[in-house]
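See below for query.txt, which holds compact mmCIF, C-alpha atoms.
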# COMPACT_ATOMS: atom_id res chain seq x y z
CA MET A 91 -63.25 -54.77 70.07
CA VAL A 92 -60.34 -55.61 72.39
CA SER A 93 -58.29 -56.92 69.44
CA ARG A 94 -58.84 -53.75 67.47
CA CYS A 95 -57.65 -51.62 70.39
CA SER A 96 -54.57 -53.82 70.76
CA ARG A 97 -53.67 -53.34 67.10
CA LEU A 98 -54.13 -49.55 67.41
CA LEU A 99 -51.84 -49.39 70.47
CA ALA A 100 -49.20 -51.45 68.64
CA ARG A 101 -49.19 -49.07 65.68
CA LEU A 102 -48.88 -46.04 68.01
CA GLU A 103 -45.91 -47.62 69.77
CA HIS A 104 -44.22 -48.35 66.43
CA TRP A 105 -44.65 -44.66 65.35
CA ARG A 106 -43.06 -43.47 68.63
CA LEU A 107 -40.06 -45.71 68.17
CA ARG A 108 -39.53 -44.54 64.60
CA ASN A 109 -39.55 -40.86 65.64
CA ARG A 110 -37.10 -41.54 68.47
CA VAL A 111 -34.63 -43.22 66.08
CA ALA A 112 -34.88 -40.34 63.62
CA ARG A 113 -33.96 -37.76 66.30
CA GLN A 114 -30.90 -39.66 67.56
CA PRO A 115 -27.46 -38.78 65.94
CA LEU A 116 -25.78 -41.55 64.00
CA GLN A 117 -22.76 -43.19 65.51
CA SER A 118 -19.52 -43.42 63.50
CA ASN A 119 -20.07 -47.12 62.91
CA GLN A 120 -23.72 -46.85 62.07
CA GLN A 121 -25.15 -46.75 58.55
CA PRO A 122 -28.08 -44.40 57.90
CA SER A 123 -31.28 -46.17 57.24
CA SER A 124 -33.72 -45.24 54.56
CA LEU A 125 -35.89 -43.66 57.18
CA SER A 126 -33.12 -41.38 58.54
CA ASN A 127 -31.52 -40.35 55.15
CA ARG A 128 -31.50 -36.55 54.72
CA THR A 129 -31.00 -34.54 51.46
CA ALA A 130 -27.48 -32.90 51.13
CA GLY A 131 -26.59 -29.71 48.95
CA PHE A 132 -24.72 -26.34 48.60
CA THR A 133 -25.63 -23.18 50.37
CA LEU A 134 -26.40 -19.98 48.42
CA ILE A 135 -23.03 -18.44 49.35
CA GLU A 136 -21.18 -21.49 48.06
CA LEU A 137 -23.07 -21.29 44.77
CA LEU A 138 -22.24 -17.59 44.38
CA ILE A 139 -18.53 -18.16 45.07
CA SER A 140 -18.43 -21.03 42.57
CA ALA A 141 -20.14 -18.90 39.92
CA LEU A 142 -17.66 -16.07 40.53
CA ILE A 143 -14.63 -18.35 40.15
CA ALA A 144 -16.06 -19.93 36.99
CA GLY A 145 -16.72 -16.47 35.53
CA LEU A 146 -13.15 -15.34 36.20
CA ILE A 147 -11.74 -18.43 34.52
CA ILE A 148 -14.03 -18.11 31.48
CA SER A 149 -13.34 -14.38 31.09
CA GLY A 150 -9.60 -15.01 31.19
CA LEU A 151 -9.88 -17.70 28.53
CA LEU A 152 -12.07 -15.45 26.39
CA GLY A 153 -9.50 -12.66 26.62
CA ILE A 154 -6.77 -15.00 25.41
CA VAL A 155 -8.93 -16.20 22.50
CA ILE A 156 -9.85 -12.64 21.50
CA GLU A 157 -6.20 -11.56 21.62
CA LEU A 158 -5.17 -14.53 19.47
CA VAL A 159 -7.87 -13.72 16.91
CA SER A 160 -6.90 -10.02 16.88
CA THR A 161 -3.22 -10.87 16.47
CA ASN A 162 -4.01 -13.23 13.62
CA ARG A 163 -6.11 -10.59 11.83
CA ARG A 164 -3.46 -7.92 12.38
CA GLU A 165 -0.68 -10.12 11.01
CA LEU A 166 -2.90 -11.14 8.08
CA ALA A 167 -3.55 -7.46 7.25
CA ARG A 168 0.18 -6.70 7.43
CA SER A 169 1.17 -9.68 5.28
CA GLU A 170 -1.48 -8.92 2.64
CA THR A 171 -0.39 -5.29 2.49
CA ALA A 172 3.28 -6.24 2.19
CA ARG A 173 2.41 -8.69 -0.58
CA ASP A 174 0.45 -6.02 -2.46
CA MET A 175 3.36 -3.57 -2.17
CA GLY A 176 5.68 -6.21 -3.59
CA ILE A 177 3.40 -6.82 -6.56
CA ALA A 178 3.07 -3.08 -7.20
CA ALA A 179 6.85 -2.55 -7.00
CA GLU A 180 7.40 -5.42 -9.43
CA PHE A 181 4.84 -3.99 -11.87
CA MET A 182 6.47 -0.56 -11.79
CA SER A 183 9.93 -2.08 -12.13
CA ASN A 184 8.90 -4.04 -15.21
CA GLU A 185 7.69 -0.84 -16.88
CA LEU A 186 10.83 1.06 -15.86
CA ARG A 187 12.98 -1.64 -17.47
CA GLU A 188 11.34 -0.86 -20.80
CA ALA A 189 11.67 2.92 -20.36
CA VAL A 190 13.48 4.97 -22.96
CA TYR A 191 13.94 8.00 -20.69
CA VAL A 192 13.14 8.55 -16.98
CA TYR A 193 12.72 12.14 -15.75
CA PRO A 194 14.79 13.28 -12.73
CA GLY A 195 12.75 14.71 -9.86
CA GLU A 196 13.33 18.41 -10.60
CA CYS A 197 12.19 17.92 -14.19
CA LEU A 198 8.72 17.01 -12.89
CA TRP A 199 8.20 20.19 -10.90
CA GLU A 200 10.60 23.12 -10.63
CA GLY A 201 12.67 22.48 -13.75
CA SER A 202 16.40 22.94 -14.15
CA GLU A 203 18.68 25.50 -15.79
CA SER A 204 17.58 27.67 -18.75
CA PRO A 205 16.77 26.92 -22.40
CA GLY A 206 19.83 26.15 -24.46
CA ASN A 207 21.68 24.59 -21.53
CA VAL A 208 22.35 20.88 -21.89
CA LYS A 209 20.83 20.31 -18.43
CA TYR A 210 17.64 22.24 -19.17
CA CYS A 211 14.27 20.67 -18.46
CA PRO A 212 11.09 22.74 -18.12
CA GLY A 213 9.29 21.22 -15.09
CA LEU A 214 6.28 19.35 -16.48
CA PHE A 215 3.86 19.86 -13.58
CA GLY A 216 5.36 23.05 -12.14
CA LYS A 217 4.70 24.97 -15.37
CA GLY A 218 1.24 23.47 -15.75
CA TYR A 219 1.96 21.51 -18.91
CA LEU A 220 0.74 18.44 -17.05
CA LYS A 221 -1.85 18.58 -14.27
CA ALA A 222 -2.06 15.94 -11.55
CA PRO A 223 -5.40 14.47 -10.40
CA LYS A 224 -7.07 15.74 -7.24
CA ASP A 225 -4.91 15.37 -4.09
CA SER A 226 -2.18 13.55 -5.99
CA LEU A 227 1.61 13.82 -5.97
CA PRO A 228 3.54 13.00 -9.18
CA LEU A 229 6.02 10.28 -8.23
CA ILE A 230 7.89 9.33 -11.37
CA ALA A 231 7.44 9.88 -15.11
CA PHE A 232 9.08 8.18 -18.07
CA TRP A 233 8.74 7.52 -21.79
CA LYS A 234 8.40 3.99 -23.14
CA LEU A 235 7.57 2.36 -26.46
CA ASP A 236 4.12 0.83 -26.81
CA GLU A 237 2.73 -1.30 -29.58
CA LEU A 238 0.21 0.20 -31.98
CA PRO A 239 -3.42 -0.69 -31.22
CA GLU A 240 -4.69 -3.53 -33.39
CA SER A 241 -7.64 -1.40 -34.46
CA CYS A 242 -5.51 1.63 -35.38
CA SER A 243 -7.45 3.30 -38.20
CA ASP A 244 -6.00 6.80 -38.23
CA PRO A 245 -4.03 7.60 -41.44
CA LEU A 246 -1.04 8.42 -39.20
CA CYS A 247 -0.87 4.76 -38.20
CA LYS A 248 0.69 3.94 -41.58
CA THR A 249 3.71 6.03 -40.61
CA TYR A 250 4.42 3.61 -37.78
CA SER A 251 3.39 0.41 -39.55
CA LEU A 252 7.00 -0.69 -39.99
CA ALA A 253 8.19 0.08 -36.47
CA GLY A 254 4.90 -1.00 -34.93
CA ARG A 255 5.50 1.15 -31.84
CA THR A 256 5.05 4.70 -30.64
CA TYR A 257 6.19 6.68 -27.60
CA THR A 258 3.95 6.74 -24.51
CA LEU A 259 4.41 8.96 -21.46
CA VAL A 260 3.66 7.10 -18.20
CA VAL A 261 3.21 8.92 -14.88
CA TYR A 262 2.70 7.37 -11.44
CA PHE A 263 1.00 9.34 -8.66
CA LEU A 264 0.54 8.99 -4.91
CA SER A 265 -3.14 9.79 -4.37
CA GLN A 266 -4.94 10.70 -1.13
CA ASP A 267 -8.30 10.97 -2.88
CA LYS A 268 -10.54 8.13 -1.59
CA GLY A 269 -13.19 8.69 -4.27
CA GLY A 270 -16.92 8.18 -3.70
CA THR A 271 -18.43 10.16 -0.82
CA ALA A 272 -17.29 10.95 2.70
CA ASN A 273 -19.63 8.31 4.15
CA ASN A 274 -19.07 5.78 1.38
CA PRO A 275 -15.54 6.08 -0.01
CA THR A 276 -14.43 3.93 -2.90
CA TRP A 277 -11.04 3.17 -1.35
CA GLU A 278 -10.29 2.36 2.29
CA GLY A 279 -6.51 2.71 2.59
CA ARG A 280 -4.46 5.74 3.60
CA ALA A 281 -3.32 6.40 0.02
CA ARG A 282 -3.01 4.74 -3.38
CA ILE A 283 -0.56 4.54 -6.26
CA THR A 284 -2.32 5.52 -9.48
CA ARG A 285 -1.13 5.37 -13.06
CA GLY A 286 -1.85 7.68 -15.98
CA GLU A 287 -0.52 7.74 -19.52
CA LEU A 288 -0.36 9.92 -22.60
CA ALA A 289 -0.28 7.76 -25.72
CA GLN A 290 -0.31 8.79 -29.39
CA PHE A 291 -3.36 6.62 -30.10
CA ASN A 292 -6.16 5.57 -27.78
CA ALA A 293 -7.42 2.01 -27.37
CA ASN A 294 -9.81 2.47 -30.32
CA GLY A 295 -6.97 3.45 -32.64
CA ALA A 296 -7.91 7.14 -32.83
CA LYS A 297 -5.25 9.84 -32.63
CA VAL A 298 -4.98 11.72 -29.32
CA GLY A 299 -5.15 15.44 -30.06
CA GLN A 300 -2.98 16.64 -27.14
CA TYR A 301 -0.13 14.27 -27.96
CA LEU A 302 3.22 15.69 -29.07
CA ASN A 303 5.86 13.28 -30.28
CA PRO A 304 8.98 13.69 -28.07
CA ARG A 305 11.13 13.03 -31.15
CA ALA A 306 9.49 15.75 -33.26
CA ALA A 307 11.65 18.37 -34.95
CA GLY A 308 13.33 20.64 -32.39
CA VAL A 309 12.02 18.58 -29.44
CA ASN A 310 13.74 15.94 -27.34
CA LEU A 311 12.69 13.72 -24.46
CA GLN A 312 14.27 15.96 -21.84
CA THR A 313 12.78 19.30 -22.96
CA TRP A 314 9.34 17.98 -24.01
CA PRO A 315 6.81 19.63 -24.46
CA GLU A 316 9.08 22.55 -25.25
CA ASP A 317 11.61 22.73 -28.03
CA THR A 318 15.28 23.17 -27.25
CA ASP A 319 14.82 26.96 -27.33
CA GLY A 320 12.22 26.86 -24.53
CA ASN A 321 9.12 27.44 -26.69
CA PHE A 322 6.00 25.55 -25.64
CA VAL A 323 4.90 23.57 -28.68
CA GLY A 324 2.66 20.94 -27.08
CA SER A 325 -0.76 20.91 -25.38
CA ASN A 326 -1.83 20.88 -21.75
CA VAL A 327 -2.82 17.49 -20.37
CA GLU A 328 -5.01 17.00 -17.27
CA PHE A 329 -4.64 13.57 -15.73
CA GLY A 330 -7.75 12.33 -13.96
CA SER A 331 -10.05 13.93 -16.53
CA ARG A 332 -12.35 11.99 -18.84
CA SER A 333 -9.81 12.23 -21.66
CA PHE A 334 -6.89 11.09 -19.50
CA PRO A 335 -8.21 8.87 -16.69
CA VAL A 336 -5.95 7.30 -14.10
CA SER A 337 -6.21 3.76 -12.79
CA VAL A 338 -5.41 2.56 -9.28
CA LEU A 339 -2.44 0.23 -9.17
CA VAL A 340 -2.54 -0.57 -5.44
CA ASP A 341 -4.36 0.61 -2.30
CA TYR A 342 -3.13 0.75 1.32
CA VAL A 343 -0.02 2.81 0.60
CA ASP A 344 1.49 4.76 3.48
CA ASP A 345 1.27 8.57 3.42
CA THR A 346 2.35 9.48 6.96
CA LYS A 347 5.06 12.05 7.48
CA ASP A 348 8.65 11.42 8.42
CA ALA A 349 10.47 13.37 11.09
CA LYS A 350 12.50 14.96 8.30
CA ASP A 351 13.25 14.49 4.62
CA SER A 352 16.01 12.00 5.27
CA VAL A 353 15.99 10.29 1.86
CA GLU A 354 19.48 10.39 0.39
CA CYS A 355 20.20 9.11 -3.11
CA PRO A 356 23.63 7.86 -4.23
CA THR A 357 26.00 10.25 -5.94
CA GLY A 358 24.90 11.03 -9.49
CA TYR A 359 21.25 10.16 -8.77
CA SER A 360 18.32 12.57 -8.60
CA LYS A 361 15.52 12.17 -6.06
CA THR A 362 11.94 11.99 -7.33
CA PRO A 363 9.57 13.44 -6.30
CA SER A 364 11.68 16.48 -5.54
CA THR A 365 11.59 18.15 -2.13
CA ASN A 366 9.95 21.29 -3.54
CA SER A 367 7.07 19.32 -5.05
CA LEU A 368 6.07 17.81 -1.68
CA SER A 369 4.84 21.15 -0.37
CA ALA A 370 3.72 22.64 -3.69
CA VAL A 371 1.17 20.08 -4.91
CA GLU A 372 -2.48 19.87 -3.93
CA GLY A 373 -2.89 17.74 -0.79
CA ASP A 374 -0.87 17.22 2.39
CA PHE A 375 2.35 15.59 1.20
CA SER A 376 4.88 17.57 3.20
CA ILE A 377 7.77 15.27 4.24
CA VAL A 378 5.94 12.22 2.85
CA ARG A 379 8.50 9.76 1.48
CA SER A 380 6.52 6.51 1.46
CA VAL A 381 7.11 6.11 -2.30
CA TYR A 382 10.14 7.61 -4.04
CA ALA A 383 12.79 6.82 -6.61
CA CYS A 384 16.41 7.72 -7.22
CA VAL A 385 17.07 8.26 -10.93
CA LEU A 386 20.53 8.23 -12.45
CA ASP A 387 20.86 11.76 -13.85
CA GLU A 388 22.24 11.64 -17.41
CA ARG A 389 22.28 15.40 -17.95
CA PHE A 390 25.96 16.17 -18.42
CA GLY A 391 27.99 19.32 -18.70
CA THR A 392 28.61 19.27 -22.45
CA GLN A 393 26.88 17.93 -25.52
CA ALA A 394 29.95 15.81 -26.24
CA ALA A 395 29.78 14.15 -22.81
CA LEU A 396 26.07 13.60 -23.20
CA ARG A 397 26.49 12.13 -26.66
CA THR A 398 29.37 9.87 -25.65
CA THR A 399 27.70 8.57 -22.50
CA ASN A 400 24.36 7.97 -24.21
CA GLU A 401 26.12 5.54 -26.51
CA THR A 402 26.98 3.21 -23.66
CA LEU A 403 24.99 4.09 -20.53
CA ASN A 404 21.44 3.14 -19.55
CA GLN A 405 19.60 4.84 -16.72
CA LYS A 406 19.34 3.14 -13.36
CA VAL A 407 16.40 3.64 -11.03
CA ILE A 408 16.18 2.73 -7.33
CA LEU A 409 12.50 2.38 -6.37
CA SER A 410 11.11 2.30 -2.81
CA VAL A 411 7.47 1.54 -1.86
CA ARG A 412 6.05 1.37 1.68
CA GLY A 413 2.57 0.19 2.67
CA ASN A 414 0.19 0.95 5.53
CA PRO A 415 -2.55 -1.62 6.36
CA GLU A 416 -4.88 0.92 7.96
CA GLY A 417 -8.43 0.26 6.75
CA ARG A 418 -8.05 -3.47 6.25
CA TYR A 419 -10.48 -5.78 8.03
CA GLY A 420 -9.35 -6.70 11.53
CA LEU A 421 -6.96 -3.79 12.06
CA ASP A 422 -7.59 -1.10 14.64
CA ARG A 423 -8.01 2.13 12.66
CA SER A 424 -7.28 4.36 15.64
CA GLY A 425 -3.84 2.82 16.09
CA CYS A 426 -2.92 3.46 12.45
CA SER A 427 -4.46 6.89 12.02
CA ARG A 428 -2.29 9.56 10.46
CA GLU A 429 -2.78 11.75 13.52
CA LYS A 430 -1.37 9.12 15.88
CA LEU A 431 1.52 8.20 13.59
CA THR A 432 2.40 11.86 13.15
CA GLY A 433 2.68 12.16 16.93
CA GLN A 434 5.20 9.30 16.90
CA LEU A 435 7.55 10.87 14.35
CA GLY A 436 11.09 9.65 14.71
CA THR A 437 10.25 6.97 17.31
CA ALA A 438 10.41 3.20 17.06
CA ALA A 439 6.67 2.97 17.82
CA GLN A 440 5.92 4.56 14.46
CA GLN A 441 7.18 1.41 12.73
CA SER A 442 5.49 -1.07 15.08
CA THR A 443 2.28 -2.06 13.30
CA CYS A 444 1.19 0.36 10.62
CA ARG A 445 4.22 1.64 8.73
CA LEU A 446 5.59 -1.47 7.10
CA ALA A 447 9.18 -1.91 6.01
CA ALA A 448 9.83 -0.36 2.61
CA ILE A 449 10.25 -2.62 -0.40
CA LYS A 450 13.19 -1.50 -2.52
CA THR A 451 14.34 -2.60 -5.94
CA GLU A 452 16.94 -1.42 -8.42
CA VAL A 453 16.15 -1.30 -12.13
CA LEU A 454 18.34 -0.85 -15.19
CA ASN A 455 16.27 0.35 -18.11
CA ARG A 456 16.75 -1.12 -21.56
CA GLY A 457 16.06 1.87 -23.72
CA THR A 458 18.03 1.88 -26.95
CA ILE A 459 17.42 5.45 -28.07
CA ASN A 460 20.69 7.10 -29.21
CA LYS A 461 22.60 3.96 -28.30
CA GLY A 462 25.26 2.78 -30.75
CA PRO A 463 26.38 -0.84 -31.07
CA GLN A 464 29.67 -1.49 -29.29
CA ALA A 465 32.34 -3.91 -30.51
CA LEU A 466 33.02 -6.88 -28.27
CA PRO A 467 36.46 -6.82 -26.59
CA GLU A 468 37.73 -9.85 -28.51
CA THR A 469 36.79 -8.29 -31.86
CA GLN A 470 38.49 -4.94 -31.25
CA GLU A 471 41.78 -4.33 -33.03
CA ASP A 472 44.95 -4.35 -31.01
CA PRO A 473 46.30 -0.74 -30.90
CA LYS A 474 49.80 -2.17 -31.30
Represent the structure from my file as structure tokens, please.
Amino acid sequence: MVSRCSRLLARLEHWRLRNRVARQPLQSNQQPSSLSNRTAGFTLIELLISALIAGLIISGLLGIVIELVSTNRRELARSETARDMGIAAEFMSNELREAVYVYPGECLWEGSESPGNVKYCPGLFGKGYLKAPKDSLPLIAFWKLDELPESCSDPLCKTYSLAGRTYTLVVYFLSQDKGGTANNPTWEGRARITRGELAQFNANGAKVGQYLNPRAAGVNLQTWPEDTDGNFVGSNVEFGSRSFPVSVLVDYVDDTKDAKDSVECPTGYSKTPSTNSLSAVEGDFSIVRSVYACVLDERFGTQAALRTTNETLNQKVILSVRGNPEGRYGLDRSGCSREKLTGQLGTAAQQSTCRLAAIKTEVLNRGTINKGPQALPETQEDPK
């Protein structure tokens, strides 16, 4: 019994000593024992401050990443649009090189002079002989020679079996019609360049009823579809209809307005489309010069001058095409909207992102109509 009490008192004394050691502060040269080790950590305020600093750093990094991605997408949209404009300009240039006759701007809309005058042309769209598709501006029109369709079965095909080619009228338009519905348009860009043609035979080899040969009796390329006396001898043609559909050459073409019609062509060249046509056609094309051409005007003062020059001179065409990447993936539509760009007319900001630099090219057509072979200088006789 006495031994048991002694053991109990010893245990009690040991517990007292352990509590006393735990309450005493550690000296600088003392090492904490396992019995006196306490758990260390951060307070709630420290945790909140750390979370705030980490959030600021992460948000800043995210902003940089988002800006880099947006810049990359914006530059990709611009480069793709510029590439498409280059391809379209090259395609149009290749066709213009094969042109037999390119119409000056006034010959597409208001016409020039009166019948019988060597400079007379009727105005193809202004008089309603040709009708443009919905919300479309005629840009440039020309005649070229096309090969006969392989399946040409019309009896008239035999007339051209030797030459193997017939005249085709090609017209390019600037179209604001997006197609489809308002909520689901077919095209996403500001505008498009479309192409229509009037050929003598369709793809199946059948004769086109509205076609009038520009070399028919009393008719020439300049006065078509009238004869030289000003009589309408052709048929009306509606581009964009089922009989004369148009195809889209390129989308994402610019159609925003300039501060003024500042396009100036070199001396002797005619601007197309003409200034009058910009405000006269269906659609809002006033002071829109995103696509235009300067055509060397070969209408001279006398028949003798015209005949002499036609023997040696081919038409030259300066073509300009400008794109607008609005609508492409990754580009802010609001920054490229026509409304915003119109408010920036004449300022440097208008050219910053959306209105790309124009792509220009100069073309010399290779038409041989009315051209006579010229003697080489070394084969010409010495006048002495």
Quiz prompt | Pick from A:Asp341, A:Glu316, A:Asp236, A:Glu170, whichever lies nearest to A:Glu185 using only C-alpha atoms | solution =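 Using only C-alpha atoms, the shortest distance to A:Glu185 belongs to A:Asp236.
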Quiz item: So how many Å separate atom CA of A:Ser369 and atom CA of A:Leu259, to one decimal?
Solution: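 Atom CA of A:Ser369 sits 24.4 Å away from atom CA of A:Leu259.
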Quick one: residues within 9 Å of A:Gly286, all atoms listed in the file, excluding same-chain residues fewer than 2 positions away - as an mmCIF file with C-alpha atoms, in the frame of the given file?
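Once everything was written out, this is result-v3.cif:
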data_model
loop_
_atom_site.group_PDB
_atom_site.id
_atom_site.type_symbol
_atom_site.label_atom_id
_atom_site.label_comp_id
_atom_site.auth_asym_id
_atom_site.auth_seq_id
_atom_site.Cartn_x
_atom_site.Cartn_y
_atom_site.Cartn_z
ATOM 1 C CA LEU A 259 4.410 8.960 -21.460
ATOM 2 C CA VAL A 260 3.660 7.100 -18.200
ATOM 3 C CA VAL A 261 3.210 8.920 -14.880
ATOM 4 C CA TYR A 262 2.700 7.370 -11.440
ATOM 5 C CA PHE A 263 1.000 9.340 -8.660
ATOM 6 C CA THR A 284 -2.320 5.520 -9.480
ATOM 7 C CA LEU A 288 -0.360 9.920 -22.600
ATOM 8 C CA PHE A 329 -4.640 13.570 -15.730
ATOM 9 C CA GLY A 330 -7.750 12.330 -13.960
ATOM 10 C CA PHE A 334 -6.890 11.090 -19.500
ATOM 11 C CA PRO A 335 -8.210 8.870 -16.690
ATOM 12 C CA VAL A 336 -5.950 7.300 -14.100
ATOM 13 C CA SER A 337 -6.210 3.760 -12.790
#
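Rounded to one decimal, atom CA of A:Asn273 and atom CA of A:Lys224 lie 18.5 Å from each other.
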Exercise. Name all residues at most 6 Å from stretch 289-299 of chain A (count all atoms listed in the file; drop same-chain ones fewer than 6 positions away) and give them as a PyMOL selection string.
Key: chain A and resi 239+241-244+258
Practice problem: Compile the contact shell of stretch 452-457 of chain A as a list in words: residues with an atom at most 9 Å away, counting only C-alpha atoms, same-chain residues fewer than 4 positions apart removed. | Solution: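 Everything that qualifies: Ser183, Asn184, Glu185, Leu186, Arg187, Glu188, Ala189, Val190, Tyr191, Val192, Lys234, Leu235, Asn404, Gln405, Lys406, Val407, Ile408, Leu409, Ser410 and Lys461 of chain A.
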Self-check item: Selection: 8 Å around A:Tyr382, only C-alpha atoms, excl. self and same-chain fewer than 3 positions, as a list of chain:residue names
Solution: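 Here the answer would be A:Leu229, A:Ile230, A:Lys361, A:Thr362, A:Pro363, A:Arg379, A:Leu409, A:Ser410, A:Val411.
Of the listed residues (A:Asn414, A:Thr313, A:Thr365, A:Thr276), A:Asn414 comes nearest to A:Val343; the distances count all atoms listed in the file.
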Quiz item: atom CA of A:Glu372 and atom CA of A:Arg285 are how many Å apart?
Solution: 17.2 Å
